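Engineer: Here's a structure for you.
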Amino acid sequence: MSDAPVLQIRSLSKAFGPVHALSGVQFELRRGEVHALCGENGAGKSTLMNMIGGILQPDEGDILIDGKPVTIASPAAAQKIGIALVHQEIALCQDATVAENICMAAINARRAPLMNFQQVHADAEKAMNRLAPIAVRTKVADLSISSQQLVEIAKALTLDCKVLILDEPTAALTETEAQRLFAIVRGLKQRGISVIYISHRMAEIFSLCDRVTVFRDGRYVATEAIEATSPNDVVRKMVGREITQLYPDKLPADAKPGRALLSVSGLSDGTRFANVDLELRTGEILGIGGLIGAGRSEIAQTICGLRPATAGSVVLDGKNLAIRSYADAVRAGLVYLSEDRKRSGVFLDLSIAANVSALDLGKLTGRFGLLDRRAEADQATSLARQLGVRMSGIDAAVSTLSGGNQQKVAIAKQLSVAPKVIIMDEPTRGIDVGAKVEIHRLLRDLANRGVGIIVISSELPELIGLCDRVAVVREGRIAGVLGTGQLNEETIIMLASGVQPNAVYEGQAQNVA
Amino acid sequence: ETANPFKCEPGEKYVMNVMVSGVEYWFPVYEMFKQAGQQFGCETEYTGTPEYDVNKQIATFDQALAQKPAGILVHPMNSDPFIEPINRATDGGTAVVTFAADSPNSKRVSYITSDNVAEGTYAADAVAEAMGGKGEYAVLENPGQDNHDKRISAFVTRMEAKWPDMKLVGRAASNQDPTKAYQAVLSLAQAHPDLGAVFMPEANSAIGAAQAAKEGGGKIRVMLADVNAKILDMIKAGEIFGSVNPNQGMQGYMGFMLLWLAKHPELIDPMNDAKRAGANAMKVPFVDNGFSIVTKDNADDFYWDKYLKRRGTKGIEE
Amino acid sequence: MHAEIKVADASRRASFARFASMREAGLIVIILALCIAMSLASPHFLTWGNFRAMLMSFSIEGIVVVGMTILLIVGGIDLSVGSVVCFSMVVSGALFLAGLDPWTASLIGIAVSALIGAVMGFFVTVVGLNHFITSLAAMVIVRGLCLVITKGTPLSLFTLPPEFKAIGQGNLQGVPYVIIIFVVVVAIFDFLLRRATAFRKVFYTGSNEKAAQFSGIKTNQVKFWVTVLCATLSGFAGVIYMARFGAATPTFGAGMELNVIAAAVIGGASLKGGSGTIFGAILGMALLSVVTSSLILLDISVYWQDMIKGCILLAAVSADHFLHRKKS
Amino acid sequence: MHAEIKVADASRRASFARFASMREAGLIVIILALCIAMSLASPHFLTWGNFRAMLMSFSIEGIVVVGMTILLIVGGIDLSVGSVVCFSMVVSGALFLAGLDPWTASLIGIAVSALIGAVMGFFVTVVGLNHFITSLAAMVIVRGLCLVITKGTPLSLFTLPPEFKAIGQGNLQGVPYVIIIFVVVVAIFDFLLRRATAFRKVFYTGSNEKAAQFSGIKTNQVKFWVTVLCATLSGFAGVIYMARFGAATPTFGAGMELNVIAAAVIGGASLKGGSGTIFGAILGMALLSVVTSSLILLDISVYWQDMIKGCILLAAVSADHFLHRKKS
Ligand SMILES: Nc1ncnc2c1ncn2[C@@H]1O[C@H](COP(=O)(O)OP(=O)(O)OP(=O)(O)O)[C@@H](O)[C@H]1O
Ligand SMILES: Nc1ncnc2c1ncn2[C@@H]1O[C@H](COP(=O)(O)OP(=O)(O)OP(=O)(O)O)[C@@H](O)[C@H]1O
Ligand SMILES: [Mg+2]
Ligand SMILES: [Mg+2]
């Protein structure tokens with residue numbers, strides 16, 4: 001009996017109307033292993049996890065726990081048999097505190113008629129502090145998306161489970177938090193808990209996991225031991241082709257610097273950041289790095305007029321940008337891609353086509369102020385093809401897309417206009433390797449054509465591989481700007497945290513222990 | 001030594017209390033209530049809730065009572081809910097008279113109204129006579145409001161009793177809403193092409209009903225109770241057949257008298273057991289203020305704004 | 001030849017599929033079913049007179065439904081529609097009685113209605129109150145204004161010139177102008193809501209206000225103008241009511257808001273914003289109207305009418321829900 | 001000694017800060033300000049008689065507000081409360097007239113109200129309709145039932161035994177039982193809503209139903225029971241009204257829903273669910289009541305009452321909004 005895998009999936013299928021999300025897949029999770037699940041966006045990873053977590057029901061096939069077939073009728077049922085799920089899409093009660101969100105399952109199971117808030121706060125604090133020092137009495141609505149992601153993880157960690165599913169937990173996290181999470185996962189593994197780990201970051205998979213299973217187009221492809229395979233191999237199985245060049249060529253080191261497209265000087269918002277100077281030149285891709293909560297998003301949003309500034313100036317293409325609202329910025333040719341796609345990136349209930357055209361309706365407006373629906377459809381179709389959005393059609397609601405494909409729609413929306421400068425906040429969050437390469441190539445093409453590109457990213461390899469220069473933000477100030485020659489993980493981490501990299505990791509180790 | 005006993009003490013105040021206080025039915029009542037008050041040298045006040053809500057009306061009644069007036073002339077929206085407040089008022093020395101609707105089980109001293117049954121009965125006779133005692137008719141109702149229900153049932157009862165050839169072909173609820181009345185009459189006219197008359201117990205529905213009747217070719221006689229400027233205009237134009245209108249003025253004037261008398265029982269030395277029984281010797285249980293039939297011929301005399309202009313008063317605002 | 005049949009068949013099937021996938025299909029089926037049942041039960045049901053009566057009974061309110069639906073889509077709500085309808089009647093009527101010609105008076109009536117919408121829009125967008133509470137206050141205030149202006153008595157507008165009354169009472173070759181106006185307004189706004197760029201922004205704002213802001217849409221402007229539009233359409237409806245009834249009653253339209261919102265919700269609008277169609281809302285209105293007049297036609301006792309009406313409503317909405325859910 | 005003062009000062013400041021950060025602080029300030037203004041304007045305002053009248057006017061409705069607030073928090077709404085209040089009166093009254101003792105009759109009245117809640121809960125959770133449309137249908141159906149049972153005429157319950165009537169009309173050393181019951185119900189539910197485990201689930205469900213489900217909360221059960229609770233409290237209120245009025249009128253409670261919802265929303269509940277407090281909702285109710293009775297005390301012309309009432313309401317809500325926003 002102890003030989004039986006903790007969890008086994010047998011020829012399981014699931015269809016959403018005409019879309020076959022999964023067809024006859026299999027999967028096996030052994031006791032105490034960390035098992036990676038890989039696949040392109042829309043391969044069916046989250047769908048499978050949702051079925052294991054009791055949120056969806058399979059059309060066909062079996063789920064076996066400890067060798068016995070089970071029906072997992074609801075999330076509650078899943079919890080009862082020891083399955084904890086960290087969702088790809090953040091699902092927290094915005095009006096409740098962090099502590100209550102973390103302890104919600106416990107509160108639900110509680111027999112005592114009255115709440116014991118002290119206990120809840122203490123328990124939540126304990127779980128939260130293992131990951132990041134987020135005050136547990138804050139309302140979730142007041143947290144940034146990355147902090148919410150951490151809360152979501154902490155929430156799962158409080159559950160007494162034997163299978164922990166992590167669906168892209170690090171998509172919005174920086175190195176520091178990710179490392180803490182890995183340490184925790186390793187600790188769980190030691191205690192015999194099995195973990196399913198979904199991620200598009202190959203480095204993480206190869207440093208953390210024991211085995212890897214690959215899905216493609218809703219079908220099972222292969223399962224390998226990590227030692228027996230390589231990142232390239234996994235990518236090939238996922239994408240079905242070889243990816244030779246992960247990042248596009250950068251500007252040659254001796255290239256003449258272009259003219260200044262966007263200059264920010266002395267920008268402050270009075271609370272989160274102060275005295276920010278930035279300059280973006282034609283032809284280059286400027287990266288912005290930093291820890292969670294450093295204020296990168298706020299800086300970008302303030303530049304675009306999405307938040308008020310208290311001091312400083314922004315010059316766009318030689319003209320002083322006096323904007324009162326984001327609409328002015330868009331008109332002036334400055335657009336921003338939000339990091340929080342669910343809250344401010346996409347319209348979940350609207351069609352893909354309508355989402356793509358939201359940023360510039362004027363372009364699609366024909367005579368009498370009517371929308372040219374053919375032009376809208378053409379635009380959506382071509383951008384969706386370019387970005388490889390897996391969908392049933394451009395009329396489908398965005399809510400029916402997989403997480404990564406939703407992100408692609410959000411990017412398509414930005415690309416639908418022809419701006420002078422695009423600021424992208426975590427653009428490749430949740431996007432698979434193949435599509436990432438495609439998006440990076442697109443950004444580089446745009447840069448070469450004179451469009452200014454600023455990329456905010458928490459993924460260090462992306463900053464280093466894609467950007468020509470990286471500005472690092474620490475506690476609301478620019479800690480330094482690194483040129484091509486200086487770009488490496490250690491330097492960025494050092495600037496971002498203000499400490500030597502080794503010290504950072506030691507600190508974490510202590511925290512975890 | 002008191003030359004004229006029919007005078008108020010300084011500060012003696014009489015209040016009139018109603019629900020849906022913004023509608024005009026009450027205005028003539030209060031107007032005469034006020035005139036009587038002035039003749040007696042009393043203060044008068046018009047209070048009530050603008051809403052159609054018994055709970056809110058009781059709140060305004062209680063508030064008025066908190067100021068310890070000499071008497072309250074009240075139109076209790078529902079009879080029984082007012083028992084407790086009226087009794088509390090009476091026990092505290094405030095006289096209470098009900099008008100147009102009663103609270104029979106309370107300790108109110110008097111009740112003054114026009115006779116709803118007589119109104120319904122007359123309306124039935126008028127309609128049936130005009131139709132030669134033969135034909136189809138329908139009624140629009142406002143189920144749940146007592147005086148309206150009484151008028152309707154009196155109307156129907158009279159038809160059945162005295163006019164056997166008049167056939168009731170439809171009852172619909174219009175709930176005092178002109179658009180609902182409009183739709184109801186249009187539908188009724190479809191179902192019953194020979195419909196010759198429709199009766200409703202209030203004026204709001206009549207505006208819609210008359211319009212529908214007019215669009216249906218004017219064969220349907222619209223009969224109602226109560227009037228307003230629009231109804232009067234339509235009566236004069238022949239678009240409405242007629243209306244039974246309570247004598248609101250007398251309701252107010254006599255209402256005041258009844259209150260005043262109830263407040264001053266010492267004026268008489270009753271020749272009965274009232275004193276020994278601790279009862280109010282001035283108790284007049286019921287007064288009928290009568291009603292008028294409004295037709296083309298007399299409609300001109302019922303315009304409220306013309307009356308106000310002629311009298312030079314500000315109506316309920318004083 | 002065989003192939004041809006297949007093609008025809010396929011195209012028929014395709015157009016059926018398109019019909020079935022419409023949000024409104026369920027409602028249409030239910031209303032038709034009710035109509036068939038009714039025409040079996042009453043010989044008077046399937047007559048032009050009866051349909052005309054039903055149409056007349058909801059056409060003017062239907063104009064208010066149009067505004068409400070758009071407002072619901074943007075995530076708002078307007079409880080003041082009944083009061084504004086009344087206010088527009090009262091203002092126009094009073095101005096007419098004061099000597100203005102009825103057309104100018106009506107225009108002013110509609111304009112002040114729009115102004116009320118603008119004030120509500122101000123409180124919603126600038127002050128930051130929600131639509132519910134703002135329009136609730138407006139409902140009370142505007143009703144109060146009606147009382148102030150009329151002093152509680154209906155204005156009799158008997159002297160309105162016939163060419164003005166014709167709007168509400170006349171007809172073009174048997175089709176009342178009211179119905180024509182209603183159909184035109186519905187058609188225009190249904191079309192605009194599906195096709196016009198400006199109205200697309202209404203959907204964006206209602207679906208996800210923050211995402212709309214992050215797409216450069218001035219959501220406050222959108223909400224403001226939709227609020228104004230809803231009040232303006234209410235004002236327009238008020239003027240038509242005035243022409244129909246030749247009167248301006250200060251209590252007119254009380255309780256209308258619930259009926260109008262119910263129609264929109266039955267027709268697929270969500271109180272949470274982001275969805276709804278005008279065609280659907282009008283079908284919702286039609287459903288309510290068919291039920292009401294059926295009960296009168298069948299001569300159901302007034303005591304039972306409410307109960308039966310509510311049950312039919314519940315059954316219809318449940319059926320629609322199932323038809324719609326099976327589809328998706 | 002200097003240090004002591006500082007400590008006292010700090011603790012005073014802290015408790016002030018705690019007060020100011022309460023969601024309800026703004027409303028309390030506004031109501032107090034209104035009361036002070038009123039007591040300067042009218043000598044009758046600051047009397048026990050007047051306060052008793054104000055309290056009495058909203059105590060029973062306040063019990064309905066409690067249920068509505070909880071339902072709003074879970075993301076629902078109940079338009080049928082007025083009808084259910086009436087239904088409970090009518091059923092209990094009819095049973096009493098049929099010979100049952102009033103206590104049993106009342107229990108049955110409350111039970112059938114709960115049953116109505118259960119039916120609504122069924123349609124919401126199992127069939128999947130939304131609360132708005134379900135409760136709208138229930139409002140019409142239940143009102144219809146009241147008419148059917150009473151045949152449209154009020155039931156006179158003059159013969160109710162005095163010990164039963166005392167619930168609605170009696171008092172304990174000058175404090176009416178109605179007010180005592182109201183305060184107890186509010187205190188219990190306010191406490192439970194803040195502290196009870198079961199009621200926390202209401203907040204979670206209303207805030208994000210999916211997230212709550214993911215945590216194992218059976219949100220449909222939560223919604224079902226809250227719907228039942230709201231109807232049950234309405235039924236309870238109906239029984240008290242019956243004791244107070246000694247009558248059961250088939251039209252009672254019409255329009256109550258709007259007032260009740262308005263109170264909850266003024267008190268901070270959101271129609272989108274997830275937030276609201278009972279204390280706040282009761283303050284909302286109190287605000288509405290103080291405004292109404294002030295106008296009557298000041299002997300404002302009825303033509304102007306509505307308008308002024310609406311304006312004060314709007315001003316108060318705006319002020320509250322600013323006070324609250326400044327805080328956060
Ligand atoms: N509710 C739904 N309705 C229709 N289609 C759906 C729905 N949910 C998922 N799908 C489809 O199922 C497929 C698998 O989606 P899933 O979310 O499992 O992908 P994934 O592997 O998790 O991708 P990602 O890496 O982007 O998160 C996709 O094609 C998606 O469009
Ligand atoms: N009170 C709040 N309410 C809503 N959103 C908030 C709030 N505070 C911060 N945010 C959002 O959080 C984001 C800022 O995130 P954060 O403070 O973590 O800075 P950051 O440097 O962008 O970090 P990261 O992007 O890595 O999360 C912004 O998008 C901002 O809109
Ligand atoms: Mg996924
Ligand atoms: Mg960020």
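By convention in this document, the chains of the structure tokens carry letters A, B, ... by their order, each chain's residues are numbered from 1, and ligands are numbered from 1 in the order they are shown.
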Residues at most 8 Å from ligand 3, using only C-alpha atoms and all ligand atoms? Could they come as a PyMOL selection string?
Structural biologist: chain A and resi 41-42+44-47+88+167-168+402-404+430
Engineer: Please give me, as number ranges by chain, the residues lying within 10 Å of ligand 2 when counting only C-alpha atoms and all ligand atoms.
Structural biologist: A: 138-149, 172-174, 272-273, 288-301, 306-307, 338-340, 343-344, 425-426, 456-459, 473-476; D: 328
Engineer: Would you output that residue set with N, CA and C atoms, as a compact mmCIF listing (two decimals), in the first residue's frame?
Structural biologist:
```txt
# COMPACT_ATOMS: atom_id res chain seq x y z
N THR A 138 -3.78 43.82 7.82
CA THR A 138 -4.18 44.66 6.68
C THR A 138 -5.27 43.96 5.88
N LYS A 139 -6.09 44.79 5.24
CA LYS A 139 -7.08 44.22 4.35
C LYS A 139 -6.39 43.81 3.06
N VAL A 140 -6.81 42.68 2.52
CA VAL A 140 -6.16 42.18 1.31
C VAL A 140 -6.27 43.17 0.16
N ALA A 141 -7.37 43.91 0.12
CA ALA A 141 -7.56 44.87 -0.97
C ALA A 141 -6.45 45.91 -1.00
N ASP A 142 -5.77 46.11 0.13
CA ASP A 142 -4.71 47.11 0.18
C ASP A 142 -3.35 46.56 -0.21
N LEU A 143 -3.28 45.32 -0.63
CA LEU A 143 -1.99 44.72 -0.96
C LEU A 143 -1.75 44.73 -2.47
N SER A 144 -0.49 44.74 -2.84
CA SER A 144 -0.16 44.62 -4.25
C SER A 144 -0.34 43.17 -4.67
N ILE A 145 -0.35 42.97 -5.97
CA ILE A 145 -0.63 41.64 -6.49
C ILE A 145 0.41 40.63 -6.01
N SER A 146 1.66 41.06 -5.90
CA SER A 146 2.68 40.09 -5.49
C SER A 146 2.50 39.73 -4.02
N SER A 147 2.13 40.71 -3.21
CA SER A 147 1.89 40.40 -1.81
C SER A 147 0.69 39.47 -1.69
N GLN A 148 -0.29 39.69 -2.54
CA GLN A 148 -1.45 38.80 -2.49
C GLN A 148 -1.05 37.37 -2.83
N GLN A 149 -0.14 37.28 -3.79
CA GLN A 149 0.33 35.95 -4.16
C GLN A 149 0.97 35.26 -2.95
N ALA A 172 4.67 36.07 -9.88
CA ALA A 172 4.76 37.49 -9.55
C ALA A 172 5.79 37.75 -8.45
N LEU A 173 6.61 36.75 -8.17
CA LEU A 173 7.54 36.91 -7.05
C LEU A 173 8.94 37.22 -7.54
N THR A 174 9.71 37.86 -6.68
CA THR A 174 11.11 38.06 -7.01
C THR A 174 11.93 36.93 -6.41
N ARG A 272 5.30 56.75 -1.64
CA ARG A 272 5.99 55.49 -1.90
C ARG A 272 7.38 55.68 -2.51
N PHE A 273 7.59 56.74 -3.25
CA PHE A 273 8.92 56.91 -3.86
C PHE A 273 9.24 58.39 -3.97
N ILE A 288 13.52 47.62 -15.34
CA ILE A 288 13.46 48.13 -13.97
C ILE A 288 13.34 46.93 -13.05
N GLY A 289 14.27 46.83 -12.12
CA GLY A 289 14.26 45.70 -11.19
C GLY A 289 14.11 46.20 -9.77
N GLY A 290 13.94 45.26 -8.86
CA GLY A 290 13.80 45.63 -7.46
C GLY A 290 13.02 44.57 -6.74
N LEU A 291 12.96 44.71 -5.42
CA LEU A 291 12.22 43.73 -4.64
C LEU A 291 10.72 44.06 -4.68
N ILE A 292 9.95 43.10 -4.22
CA ILE A 292 8.51 43.36 -4.11
C ILE A 292 8.27 44.53 -3.17
N GLY A 293 7.44 45.42 -3.59
CA GLY A 293 7.11 46.55 -2.73
C GLY A 293 8.12 47.67 -2.81
N ALA A 294 9.08 47.56 -3.72
CA ALA A 294 10.09 48.62 -3.83
C ALA A 294 9.48 49.89 -4.41
N GLY A 295 8.39 49.73 -5.13
CA GLY A 295 7.73 50.90 -5.69
C GLY A 295 7.86 51.02 -7.19
N ARG A 296 8.26 49.92 -7.83
CA ARG A 296 8.43 49.98 -9.29
C ARG A 296 7.11 50.29 -9.99
N SER A 297 6.09 49.56 -9.58
CA SER A 297 4.81 49.77 -10.24
C SER A 297 4.29 51.18 -10.01
N GLU A 298 4.48 51.65 -8.80
CA GLU A 298 4.01 53.01 -8.50
C GLU A 298 4.72 54.04 -9.36
N ILE A 299 6.02 53.86 -9.52
CA ILE A 299 6.77 54.82 -10.34
C ILE A 299 6.20 54.83 -11.76
N ALA A 300 6.05 53.63 -12.30
CA ALA A 300 5.55 53.53 -13.68
C ALA A 300 4.16 54.13 -13.80
N GLN A 301 3.32 53.82 -12.83
CA GLN A 301 1.95 54.32 -12.90
C GLN A 301 1.92 55.84 -12.76
N LEU A 306 -1.45 57.55 -13.95
CA LEU A 306 -2.44 56.72 -13.28
C LEU A 306 -2.49 57.00 -11.79
N ARG A 307 -1.43 57.62 -11.29
CA ARG A 307 -1.44 58.06 -9.89
C ARG A 307 -0.91 59.49 -9.90
N SER A 338 -0.56 46.75 -17.06
CA SER A 338 -0.64 46.53 -15.61
C SER A 338 -0.11 45.16 -15.23
N GLU A 339 0.44 45.10 -14.02
CA GLU A 339 0.94 43.82 -13.53
C GLU A 339 -0.21 42.95 -13.02
N ASP A 340 -1.33 43.58 -12.70
CA ASP A 340 -2.44 42.86 -12.08
C ASP A 340 -3.52 42.65 -13.12
N ARG A 343 -7.32 42.41 -11.97
CA ARG A 343 -7.96 43.58 -11.40
C ARG A 343 -7.96 44.75 -12.37
N SER A 344 -6.88 44.89 -13.14
CA SER A 344 -6.84 46.08 -13.99
C SER A 344 -6.30 45.82 -15.38
N ASP A 425 4.63 46.14 -17.14
CA ASP A 425 4.86 45.71 -15.76
C ASP A 425 4.67 44.19 -15.71
N GLU A 426 5.72 43.49 -15.49
CA GLU A 426 5.69 42.02 -15.46
C GLU A 426 4.99 41.47 -16.71
N ILE A 456 9.36 46.19 -16.58
CA ILE A 456 9.53 45.95 -15.16
C ILE A 456 9.40 44.45 -14.98
N SER A 457 10.38 43.85 -14.34
CA SER A 457 10.28 42.40 -14.20
C SER A 457 10.86 41.96 -12.88
N SER A 458 10.26 40.92 -12.32
CA SER A 458 10.80 40.34 -11.11
C SER A 458 11.66 39.14 -11.43
N GLU A 459 11.70 38.77 -12.70
CA GLU A 459 12.46 37.60 -13.10
C GLU A 459 13.84 38.06 -13.57
N VAL A 473 15.41 49.61 -8.34
CA VAL A 473 14.70 50.46 -7.37
C VAL A 473 14.81 49.82 -6.00
N ARG A 474 15.16 50.64 -5.02
CA ARG A 474 15.15 50.14 -3.65
C ARG A 474 14.42 51.15 -2.78
N GLU A 475 13.39 50.69 -2.13
CA GLU A 475 12.61 51.52 -1.21
C GLU A 475 12.28 52.88 -1.80
N GLY A 476 11.80 52.86 -3.01
CA GLY A 476 11.29 54.08 -3.61
C GLY A 476 12.36 55.00 -4.19
N SER D 328 -9.39 57.17 5.75
CA SER D 328 -8.66 56.05 5.12
C SER D 328 -7.64 56.54 4.11
```
Engineer: Give me the residues within 7 Å of segment 93-107 of chain A as a ChimeraX atom specification, counting only C-alpha atoms and dropping any in the same chain fewer than 6 places off.
Structural biologist: /A:120-121,124,136-141,151,154-155 /D:197,204,207-208,211,215-216,274
Engineer: List as a ChimeraX atom specification the protein and nucleic acid residues near Phe58 of chain D, meaning an atom at most 12 Å away when only C-alpha atoms are counted, but skip any in the same chain fewer than 6 places from it.
Structural biologist: /B:55-56,58-59 /D:51-52,64-66,178-179,182-183,237,241,256,259-260,263,281-290,292-293
Engineer: I'd like the interatomic distance between atom CA of Phe191 of chain D and atom CA of Met54 of chain D, to a tenth of an Å.
Structural biologist: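 Value for the atom CA of Phe191 of chain D-atom CA of Met54 of chain D distance: 24.2 Å.
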Engineer: Do me a favour and pick out the residues of chain D within 10 Å of chain A, using only C-alpha atoms, as an MDAnalysis selection string.
Structural biologist: chainID D and resid 191:201 203:218 273:275
Engineer: Next, the residues of the selection above should be written as a compact mmCIF listing (two decimals), in the first residue's frame with N, CA, C and O atoms.
Structural biologist:
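Writing the result to selection15.txt gives the following:
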```txt
# COMPACT_ATOMS: atom_id res chain seq x y z
N PHE D 191 -23.25 41.66 17.72
CA PHE D 191 -22.18 40.88 18.35
C PHE D 191 -21.84 39.65 17.51
O PHE D 191 -20.68 39.38 17.20
N LEU D 192 -22.87 38.91 17.13
CA LEU D 192 -22.65 37.68 16.38
C LEU D 192 -21.92 37.97 15.06
O LEU D 192 -21.00 37.27 14.68
N LEU D 193 -22.35 39.04 14.41
CA LEU D 193 -21.77 39.34 13.11
C LEU D 193 -20.30 39.70 13.24
O LEU D 193 -19.50 39.45 12.35
N ARG D 194 -19.95 40.30 14.38
CA ARG D 194 -18.54 40.64 14.57
C ARG D 194 -17.73 39.44 15.04
O ARG D 194 -16.56 39.31 14.73
N ARG D 195 -18.37 38.60 15.84
CA ARG D 195 -17.57 37.60 16.54
C ARG D 195 -17.87 36.15 16.19
O ARG D 195 -17.00 35.30 16.39
N ALA D 196 -19.06 35.85 15.74
CA ALA D 196 -19.39 34.43 15.58
C ALA D 196 -18.74 33.86 14.34
O ALA D 196 -18.68 34.50 13.29
N THR D 197 -18.26 32.66 14.48
CA THR D 197 -17.60 31.97 13.37
C THR D 197 -18.54 31.86 12.17
O THR D 197 -18.15 32.14 11.04
N ALA D 198 -19.77 31.44 12.45
CA ALA D 198 -20.71 31.22 11.35
C ALA D 198 -20.92 32.49 10.55
O ALA D 198 -21.01 32.45 9.32
N PHE D 199 -20.96 33.64 11.24
CA PHE D 199 -21.24 34.88 10.51
C PHE D 199 -20.03 35.41 9.76
O PHE D 199 -20.18 36.18 8.82
N ARG D 200 -18.83 35.01 10.20
CA ARG D 200 -17.66 35.42 9.40
C ARG D 200 -17.78 34.86 7.99
O ARG D 200 -17.38 35.48 7.02
N LYS D 201 -18.33 33.66 7.91
CA LYS D 201 -18.46 33.02 6.59
C LYS D 201 -19.35 33.85 5.67
O LYS D 201 -19.22 33.80 4.45
N PHE D 203 -19.36 37.09 5.55
CA PHE D 203 -18.49 38.11 4.95
C PHE D 203 -17.64 37.50 3.83
O PHE D 203 -17.50 38.09 2.77
N TYR D 204 -17.07 36.33 4.11
CA TYR D 204 -16.20 35.73 3.10
C TYR D 204 -16.98 35.43 1.83
O TYR D 204 -16.52 35.73 0.72
N THR D 205 -18.16 34.88 2.00
CA THR D 205 -18.96 34.53 0.83
C THR D 205 -19.30 35.78 0.02
O THR D 205 -19.23 35.79 -1.20
N GLY D 206 -19.66 36.85 0.74
CA GLY D 206 -20.04 38.07 0.04
C GLY D 206 -18.87 38.76 -0.60
O GLY D 206 -18.99 39.42 -1.63
N SER D 207 -17.70 38.62 0.02
CA SER D 207 -16.53 39.32 -0.48
C SER D 207 -16.00 38.66 -1.74
O SER D 207 -15.66 39.33 -2.71
N ASN D 208 -15.90 37.34 -1.75
CA ASN D 208 -15.42 36.63 -2.93
C ASN D 208 -15.90 35.20 -2.81
O ASN D 208 -15.31 34.38 -2.12
N GLU D 209 -16.98 34.92 -3.49
CA GLU D 209 -17.63 33.63 -3.31
C GLU D 209 -16.70 32.49 -3.68
O GLU D 209 -16.63 31.47 -2.99
N LYS D 210 -15.96 32.68 -4.75
CA LYS D 210 -15.05 31.62 -5.19
C LYS D 210 -13.99 31.34 -4.15
O LYS D 210 -13.72 30.19 -3.80
N ALA D 211 -13.38 32.41 -3.65
CA ALA D 211 -12.33 32.22 -2.65
C ALA D 211 -12.89 31.49 -1.45
O ALA D 211 -12.23 30.62 -0.87
N ALA D 212 -14.10 31.84 -1.08
CA ALA D 212 -14.71 31.17 0.08
C ALA D 212 -14.90 29.69 -0.22
O ALA D 212 -14.61 28.83 0.62
N GLN D 213 -15.34 29.39 -1.43
CA GLN D 213 -15.51 27.98 -1.80
C GLN D 213 -14.18 27.25 -1.75
O GLN D 213 -14.10 26.13 -1.27
N PHE D 214 -13.15 27.92 -2.25
CA PHE D 214 -11.84 27.28 -2.26
C PHE D 214 -11.36 26.97 -0.85
O PHE D 214 -10.52 26.10 -0.64
N SER D 215 -11.85 27.71 0.13
CA SER D 215 -11.46 27.43 1.50
C SER D 215 -12.40 26.41 2.13
O SER D 215 -12.38 26.23 3.34
N GLY D 216 -13.23 25.81 1.32
CA GLY D 216 -14.08 24.75 1.84
C GLY D 216 -15.42 25.25 2.37
O GLY D 216 -16.20 24.47 2.90
N ILE D 217 -15.68 26.55 2.25
CA ILE D 217 -16.95 27.06 2.75
C ILE D 217 -18.06 26.71 1.77
O ILE D 217 -17.90 26.91 0.56
N LYS D 218 -19.14 26.17 2.29
CA LYS D 218 -20.24 25.82 1.40
C LYS D 218 -21.07 27.08 1.21
O LYS D 218 -22.04 27.33 1.93
N GLY D 273 -21.90 43.41 -1.87
CA GLY D 273 -21.58 42.37 -0.89
C GLY D 273 -20.23 42.58 -0.22
O GLY D 273 -19.42 43.40 -0.65
N GLY D 274 -20.03 41.86 0.86
CA GLY D 274 -18.73 41.85 1.51
C GLY D 274 -18.54 42.87 2.61
O GLY D 274 -17.58 42.76 3.38
N SER D 275 -19.41 43.87 2.69
CA SER D 275 -19.21 44.84 3.77
C SER D 275 -20.52 45.36 4.32
O SER D 275 -21.55 45.33 3.64
```
Engineer: Quick one, how far is atom CA of Ile30 of chain C from atom CA of Ile60 of chain C?
Structural biologist: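 Straight-line distance from atom CA of Ile30 of chain C to atom CA of Ile60 of chain C works out to 23.0 Å.
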